>>> print(open('coords-v4.cif').read())   # mmCIF, C-alpha atoms
data_final
#
loop_
_atom_site.label_atom_id
_atom_site.label_comp_id
_atom_site.auth_asym_id
_atom_site.auth_seq_id
_atom_site.Cartn_x
_atom_site.Cartn_y
_atom_site.Cartn_z
CA MET A 19 7.26 7.12 -27.95
CA GLY A 20 9.42 9.89 -26.46
CA PRO A 21 8.48 12.92 -24.37
CA GLY A 22 6.56 15.55 -26.27
CA GLN A 23 5.46 13.14 -28.98
CA ARG A 24 1.78 12.80 -29.71
CA ALA A 25 0.11 9.41 -29.50
CA PRO A 26 -1.11 7.89 -32.77
CA GLU A 27 -4.78 8.22 -33.62
CA GLY A 28 -6.91 5.99 -31.40
CA VAL A 29 -4.16 5.55 -28.79
CA ILE A 30 -4.57 7.01 -25.28
CA ARG A 31 -1.39 8.23 -23.58
CA TYR A 32 -1.77 8.79 -19.86
CA ARG A 33 0.54 10.41 -17.28
CA LEU A 34 -0.02 11.48 -13.69
CA GLY A 35 1.71 14.84 -13.79
CA ASP A 36 4.27 16.16 -11.29
CA ALA A 37 1.81 17.46 -8.70
CA GLU A 38 -0.23 14.25 -8.47
CA ALA A 39 2.89 12.06 -8.52
CA THR A 40 4.29 14.05 -5.60
CA ARG A 41 1.03 13.82 -3.66
CA ARG A 42 0.72 10.07 -4.11
CA ALA A 43 4.35 9.47 -3.20
CA ARG A 44 4.00 11.62 -0.07
CA TRP A 45 0.89 9.82 1.18
CA ALA A 46 2.31 6.40 0.36
CA ALA A 47 5.38 7.23 2.47
CA VAL A 48 3.20 8.45 5.35
CA VAL A 49 1.06 5.30 5.28
CA ARG A 50 4.14 3.05 5.31
CA ALA A 51 5.71 5.00 8.18
CA VAL A 52 2.55 4.93 10.31
CA SER A 53 2.11 1.20 9.64
CA SER A 54 5.67 0.58 10.87
CA LEU A 55 5.48 2.84 13.93
CA ALA A 56 1.99 1.86 15.16
CA PRO A 57 3.03 -1.59 16.51
CA ILE A 58 6.01 -0.01 18.31
CA ALA A 59 3.75 2.60 19.90
CA LEU A 60 1.29 -0.10 20.99
CA ALA A 61 4.06 -2.15 22.59
CA ILE A 62 5.31 0.91 24.52
CA ILE A 63 1.78 1.68 25.76
CA LEU A 64 1.28 -1.90 26.92
CA LEU A 65 4.63 -2.01 28.70
CA HIS A 66 3.85 1.30 30.41
CA ARG A 67 0.48 -0.01 31.62
CA LEU A 68 2.27 -3.05 33.03
CA GLY A 69 4.47 -0.79 35.11
CA TRP A 70 7.71 -1.74 33.36
CA ALA A 71 10.13 1.17 33.57
CA PRO A 72 11.92 1.54 30.23
CA THR A 73 15.69 1.76 30.50
CA LEU A 74 17.97 4.12 28.61
CA ALA A 75 18.98 1.24 26.35
CA PHE A 76 15.31 0.59 25.55
CA TRP A 77 14.73 4.20 24.48
CA ALA A 78 17.94 4.12 22.47
CA VAL A 79 16.64 1.11 20.54
CA VAL A 80 13.29 2.86 19.99
CA ALA A 81 15.10 5.98 18.73
CA VAL A 82 17.11 3.88 16.29
CA LEU A 83 13.95 2.16 15.02
CA VAL A 84 12.18 5.50 14.53
CA ALA A 85 15.21 6.87 12.68
CA LEU A 86 15.28 3.80 10.44
CA VAL A 87 11.57 4.13 9.67
CA ALA A 88 11.99 7.84 8.89
CA THR A 89 14.96 7.14 6.63
CA ARG A 90 13.13 4.36 4.86
CA ALA A 91 10.10 6.63 4.37
CA ALA A 92 12.26 9.42 2.91
CA VAL A 93 14.06 7.06 0.53
CA GLY A 94 10.78 5.41 -0.44
CA TYR A 95 9.19 8.80 -1.09
CA SER A 96 11.98 9.88 -3.44
CA SER A 97 12.00 6.56 -5.28
CA THR A 98 8.21 6.41 -5.63
CA ARG A 99 8.02 10.02 -6.77
CA ARG A 100 10.62 9.50 -9.50
CA LYS A 101 8.86 6.35 -10.66
CA LEU A 102 5.42 7.99 -10.75
CA ARG A 103 6.70 11.10 -12.52
CA SER A 104 8.21 8.98 -15.27
CA LEU A 105 5.17 6.69 -15.57
CA VAL A 106 3.57 6.58 -19.01
CA VAL A 107 0.57 4.37 -19.77
CA THR A 108 -0.35 3.84 -23.40
CA VAL A 109 -3.65 2.13 -24.27
CA SER A 110 -4.42 1.10 -27.84
CA ASP A 111 -7.15 -1.12 -29.24
CA ASP A 112 -4.86 -4.12 -28.86
CA ASP A 113 -2.92 -3.73 -25.61
CA ILE A 114 -1.93 -1.64 -22.62
CA HIS A 115 1.71 -0.65 -22.22
CA VAL A 116 3.20 0.69 -18.97
CA GLU A 117 6.62 2.35 -18.97
CA ASN A 118 8.66 3.94 -16.19
CA LEU A 119 12.30 4.68 -15.39
CA ARG A 120 13.21 1.04 -14.80
CA ASP A 121 11.29 -0.98 -17.34
CA GLY A 122 8.36 -1.28 -19.67
CA TYR A 123 5.82 -4.05 -20.14
CA SER A 124 2.60 -4.73 -21.99
CA VAL A 125 -0.55 -6.79 -21.53
CA ALA A 126 -2.33 -7.74 -24.75
CA ARG A 127 -6.08 -7.24 -24.85
CA ALA A 128 -6.59 -10.86 -25.85
CA ARG A 129 -4.62 -11.96 -22.74
CA VAL A 130 -6.54 -9.87 -20.18
CA ALA A 131 -8.10 -12.02 -17.46
CA ARG A 132 -9.73 -9.28 -15.43
CA ILE A 133 -9.56 -5.58 -14.64
CA VAL A 134 -9.98 -4.33 -11.06
CA GLU A 135 -10.48 -0.73 -9.97
CA VAL A 136 -9.42 0.05 -6.41
CA ASP A 137 -11.26 2.97 -4.79
CA GLY A 138 -9.57 5.73 -2.85
CA SER A 139 -7.15 8.57 -3.53
CA LEU A 140 -4.28 6.07 -3.76
CA GLY A 141 -6.27 3.63 -5.88
CA GLY A 142 -6.44 3.03 -9.60
CA LEU A 143 -6.81 0.28 -12.17
CA ARG A 144 -5.09 -3.10 -12.17
CA VAL A 145 -5.09 -5.08 -15.41
CA GLU A 146 -4.28 -8.77 -14.83
CA SER A 147 -3.23 -11.13 -17.61
CA LEU A 148 -3.99 -14.80 -18.00
CA PRO A 149 -1.29 -17.05 -16.51
CA ASP A 150 1.66 -17.59 -18.82
CA ALA A 151 1.43 -21.00 -20.51
CA ARG A 152 4.96 -22.00 -19.52
CA SER A 153 5.74 -20.27 -16.22
CA GLY A 154 2.22 -19.65 -14.89
CA VAL A 155 3.19 -16.04 -14.10
CA VAL A 156 0.39 -13.47 -14.09
CA PHE A 157 1.44 -10.05 -15.42
CA GLU A 158 -0.18 -6.90 -14.06
CA ALA A 159 -0.41 -3.39 -15.47
CA HIS A 160 -1.14 -0.72 -12.84
CA VAL A 161 -2.77 2.59 -13.74
CA PRO A 162 -2.84 5.01 -10.75
CA CYS A 163 -5.79 7.39 -10.68
CA GLY A 164 -5.54 11.16 -10.37
CA GLY A 165 -4.04 12.25 -13.68
CA PRO A 166 -5.90 14.02 -16.50
CA GLY A 167 -7.32 11.47 -18.87
CA TYR A 168 -7.87 8.73 -16.29
CA THR A 169 -11.55 8.48 -17.23
CA ASP A 170 -10.53 7.99 -20.87
CA VAL A 171 -8.23 5.13 -19.91
CA ARG A 172 -10.94 3.57 -17.77
CA GLY A 173 -13.50 3.91 -20.56
CA ARG A 174 -11.20 2.22 -23.06
CA LEU A 175 -10.40 -0.65 -20.68
CA GLU A 176 -14.07 -1.03 -19.80
CA SER A 177 -14.76 -1.68 -23.48
CA TRP A 178 -12.46 -4.70 -23.21
CA THR A 179 -14.15 -6.36 -20.23
CA THR A 180 -16.15 -5.58 -17.11
CA VAL A 181 -14.22 -3.47 -14.59
CA GLU A 182 -14.57 -4.92 -11.09
CA ARG A 183 -14.80 -2.46 -8.21
CA ARG A 184 -12.98 -3.04 -4.94
CA GLY A 185 -12.86 -0.70 -1.97
CA ARG A 186 -9.66 -0.34 0.00
CA ARG A 187 -11.67 -1.46 3.02
CA GLY A 188 -15.26 -2.56 3.24
CA PRO A 189 -17.52 -1.36 6.09
CA ALA A 190 -17.19 -4.66 7.94
CA MET A 191 -13.40 -4.49 7.83
CA ARG A 192 -13.35 -0.91 9.08
CA VAL A 193 -15.60 -1.86 12.01
CA ALA A 194 -13.40 -4.85 12.81
CA MET A 195 -10.27 -2.73 12.69
CA GLY A 196 -11.81 -0.14 15.01
CA ALA A 197 -12.82 -2.85 17.47
CA ALA A 198 -9.30 -4.32 17.37
CA VAL A 199 -7.70 -0.95 18.11
CA VAL A 200 -10.07 -0.31 21.03
CA ALA A 201 -9.37 -3.77 22.45
CA ALA A 202 -5.63 -3.34 22.07
CA ILE A 203 -5.48 0.04 23.81
CA PHE A 204 -8.12 -0.33 26.52
CA PHE A 205 -8.73 -4.00 27.26
CA VAL A 206 -5.50 -5.86 26.55
CA PRO A 207 -3.53 -4.00 29.27
CA PHE A 208 -6.00 -5.21 31.91
CA LEU A 209 -5.63 -8.75 30.62
CA LEU A 210 -1.87 -8.46 30.83
CA GLU A 211 -2.06 -7.18 34.41
CA ASP A 212 -3.59 -10.53 35.39
CA PHE A 213 -0.73 -12.42 33.76
CA VAL A 214 2.13 -10.22 34.90
CA ALA A 215 1.41 -11.10 38.54
CA ARG A 216 1.91 -14.75 37.63
CA SER A 217 4.63 -14.60 35.01
CA LYS A 218 6.44 -11.69 33.40
CA LEU A 219 7.56 -14.06 30.68
CA VAL A 220 3.94 -14.77 29.69
CA ALA A 221 3.14 -11.05 29.77
CA ALA A 222 6.12 -10.30 27.54
CA ALA A 223 5.00 -13.02 25.13
CA LEU A 224 1.54 -11.46 24.96
CA VAL A 225 3.00 -8.02 24.27
CA ALA A 226 5.10 -9.51 21.47
CA GLY A 227 2.03 -11.30 20.14
CA MET A 228 0.03 -8.08 20.04
CA TRP A 229 2.91 -6.42 18.19
CA VAL A 230 2.94 -9.17 15.57
CA VAL A 231 -0.84 -9.09 15.15
CA THR A 232 -0.82 -5.32 14.70
CA ARG A 233 1.92 -5.56 12.08
CA VAL A 234 0.05 -8.24 10.13
CA VAL A 235 -3.26 -6.33 10.19
CA LEU A 236 -1.68 -3.05 9.12
CA ARG A 237 0.28 -4.75 6.37
CA GLY A 238 -3.01 -6.00 4.90
CA ARG A 239 -4.46 -2.50 4.73
#
>>> encode(input="coords-v4.cif", output="structure tokens")
Amino acid sequence: MGPGQRAPEGVIRYRLGDAEATRRARWAAVVRAVSSLAPIALAIILLHRLGWAPTLAFWAVVAVLVALVATRAAVGYSSTRRKLRSLVVTVSDDDIHVENLRDGYSVARARVARIVEVDGSLGGLRVESLPDARSGVVFEAHVPCGGPGYTDVRGRLESWTTVERRGRRGPAMRVAMGAAVVAAIFFVPFLLEDFVARSKLVAAALVAGMWVVTRVVLRGR
């Protein structure tokens, strides 16, 4: 089905639109950039609290890392925006078909295992298939929210099976994340001050450990 063509009777054709595709791509790039830079910022704060004077070489490395993150965010924004602008989701009585610049794939209604709706402005619907009989691969069709006709797509898919709701973060997770940030910024430096008097190697290992933990937590956002 090419651009400008009308969908057959009973078939829902869904697109995001340029404005929404641009907005989603922009926020996705910002989230990825912040997730990459936050552990670096935390490590710098911890090292500063320990009284370690950063050298010119250290700041040069930080500048390179920031430049790499910025470049990656810009490239990711352009790529994501093109992909979202070209995205076309077609839902019939028998299957859901997703098509973009790179490829196209379908999930048959009879093969749908579950449908999950993720809340939030960057959320949407995820249609998961039953595992393939030979390879065991589970195929997924993603329908980002925000475009006109999203409620129609959701209504059609809901007639297939129950749509499960999942928040991007539950209240308990948000509280835990807030507590972790407070501990990292205010309490960990005091803990490190006790270790640095005994061993700078141990203190450096703890800083590195905090960096890794922050990266893992943010990656699971």
>>> residues_around(input="coords-v4.cif", residues="Ala131 (chain A)", least_positions_apart="5", cutoff="7 Å", atoms="all atoms listed in the file", output="PyMOL selection string")
chain A and resi 146-148
>>> atom_distance(input="coords-v4.cif", atom1="CA of Pro149 (chain A)", atom2="CA of Arg172 (chain A)")
22.8 Å
>>> resolve_selection(input="coords-v4.cif", expression="the PyMOL selection byres ((chain A and resi 182) around 9)", output="list in words")
Arg132, Ile133, Val134, Glu135, Val136, Thr180, Val181, Arg183 and Arg184 of chain A
>>> write_last_selection(input="coords-v4.cif", atoms="C-alpha atoms", output="short mmCIF file (atom, residue, chain, number, x, y, z; two decimals), in the frame of the given file")
data_model
loop_
_atom_site.label_atom_id
_atom_site.label_comp_id
_atom_site.auth_asym_id
_atom_site.auth_seq_id
_atom_site.Cartn_x
_atom_site.Cartn_y
_atom_site.Cartn_z
CA ARG A 132 -9.73 -9.28 -15.43
CA ILE A 133 -9.56 -5.58 -14.64
CA VAL A 134 -9.98 -4.33 -11.06
CA GLU A 135 -10.48 -0.73 -9.97
CA VAL A 136 -9.42 0.05 -6.41
CA THR A 180 -16.15 -5.58 -17.11
CA VAL A 181 -14.22 -3.47 -14.59
CA ARG A 183 -14.80 -2.46 -8.21
CA ARG A 184 -12.98 -3.04 -4.94
#
>>> resolve_selection(input="coords-v4.cif", expression="the PyMOL selection byres ((chain A and resi 159) around 9)", output="list in words")
Val107, Ile114, His115, Val116, Tyr123, Ser124, Val125, Leu143, Arg144, Val145, Glu146, Ser147, Phe157, Glu158, His160 and Val161 of chain A
>>> atom_distance(input="coords-v4.cif", atom1="CA of Val52 (chain A)", atom2="CA of Ser139 (chain A)")
17.3 Å
